[in-house]
Each structure stands twice: as C-alpha cells, then as structure tokens.
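In what follows, a structure is listed as structure tokens, so that the remarks can point back to it.
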Amino acid sequence: MPSSEIDNLEQSCQKVLGLPKIRFVGVLDKMGNKVAGGFKEGIKSFLPDKENRRMYVQLMLEYMMRKDFDEQLGSIDYIVSRRSNVTMISIPTKEYLVLISAQRDANAQEIIMHVNSAFTTLPDIKP
C-alpha cells in the first residue's frame with residue numbers, strides 16, 4: 001500500500017478522533033490488520049494488544065459472513081453494536097473496514113455522518 005494512501009487514511013482517522021466520545025478509530029484491511037488509526041490520546045484499550053488483534057479479525061470475519069446476504073437484503077451500510085462499556089461501529093468500504101469505538105452513550109448516527117465526511121479519499125464512502 002502506498003505511503004500516501006496510509007497518510008490519507010491516518011488524516012481521516014485523526015479527524016474522527018477529534019470528535020467527542022470517540023475512543024478509537026482504525027482502518028482494517030481484508031485480513032483484519034490495522035493499517036491506520038489508533039486510540040485517542042490518553043485513552044487505553046479495554047483489551048490487551050493480542051486481544052485487540054483477535055477482535056479486528058473477528059469483526060472482519062463477521063462482516064464477510066454478513067455479505068453472504070447482500071443479494072437478498074442489500075449491501076451493508078454499517079454495523080453498530082452497543083456493549084455495556086462501548087459502542088462499536090464498523091463501516092465497510094470496498095477495500096477496508098473502518099472501525100470506531102466510542103463511549104456507550106455516543107450517537108452512532110452522528111458519528112457515521114462524520115466518518116463519511118472524513119473518509120472522502122475512499123471512493124465508496126459518500127459524504
């Protein structure tokens with residue numbers, strides 16, 4: 001992946017990290033590897049690094065399995081899961097999965113609008 005593409009993804013992640021209630025923004029490739037992003041300064045993961053990696057792979061697999069129903073149900077715009085400690089949002093693109101972790105009480109719809117505006121360098125995300 002060209003370094004200019006990584007730089008663009010990092011800049012987009014930083015824009016979203018600037019929003020209130022955001023804990024983490026990352027961009028995952030098809031293998032579940034984080035290619036850009038990270039935690040907001042001063043925020044620590046609830047999981048150890050090894051478990052974060054496992055979660056990334058699991059989220060990518062979950063998305064890929066859900067794609068099996070695209071023909072009948074339509075394509076996935078986003079996936080939101082609200083847990084007792086966080087709200088997790090996954091936004092698929094052609095090449096990547098944008099993953100956001102926010103405080104539990106965050107407004108997922110508002111965050112998704114901001115992500116769509118911040119990640120305009122990805123051709124399949126519409127502002």
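Residues are named by chain letter and number: chains run A, B, ... in the order of the structure tokens, numbers start at 1 in each chain, and ligands are numbered from 1 in the order shown.
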Which residues come within 12 Å of Ile112 in chain A, counting only C-alpha atoms, excluding same-chain residues fewer than 2 positions away, as a VMD selection string? chain A and resid 16 19 22 25 77 to 80 88 to 92 98 to 102 106 to 110 114 to 119 125 to 127
Please run DSSP on the backbone and report, as a PyMOL selection string, all residues within range 2-125 of chain A that come out as strand (DSSP E). chain A and resi 22-28+34-39+79-82+86-92+97-103
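Proximity to Asn52 in chain A was assessed for A:Gly74, A:Gly26, A:Pro2, A:Gly18 counting only C-alpha atoms; the smallest distance is recorded for A:Gly26.
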DSSP says helix (DSSP H, G or I) for which residues of chain A? Put them as a ChimeraX atom specification? /A:3-17,49-73,108-118
Proximity to Ala36 in chain A - best of A:Leu9, A:Leu17, A:Met60, A:Met55, only C-alpha atoms: A:Leu9
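Considering the residues A:Pro20, A:Asn85, A:Met31, A:Gly37 and counting only C-alpha atoms, Asn8 in chain A has its shortest atom-to-atom contact with A:Gly37.
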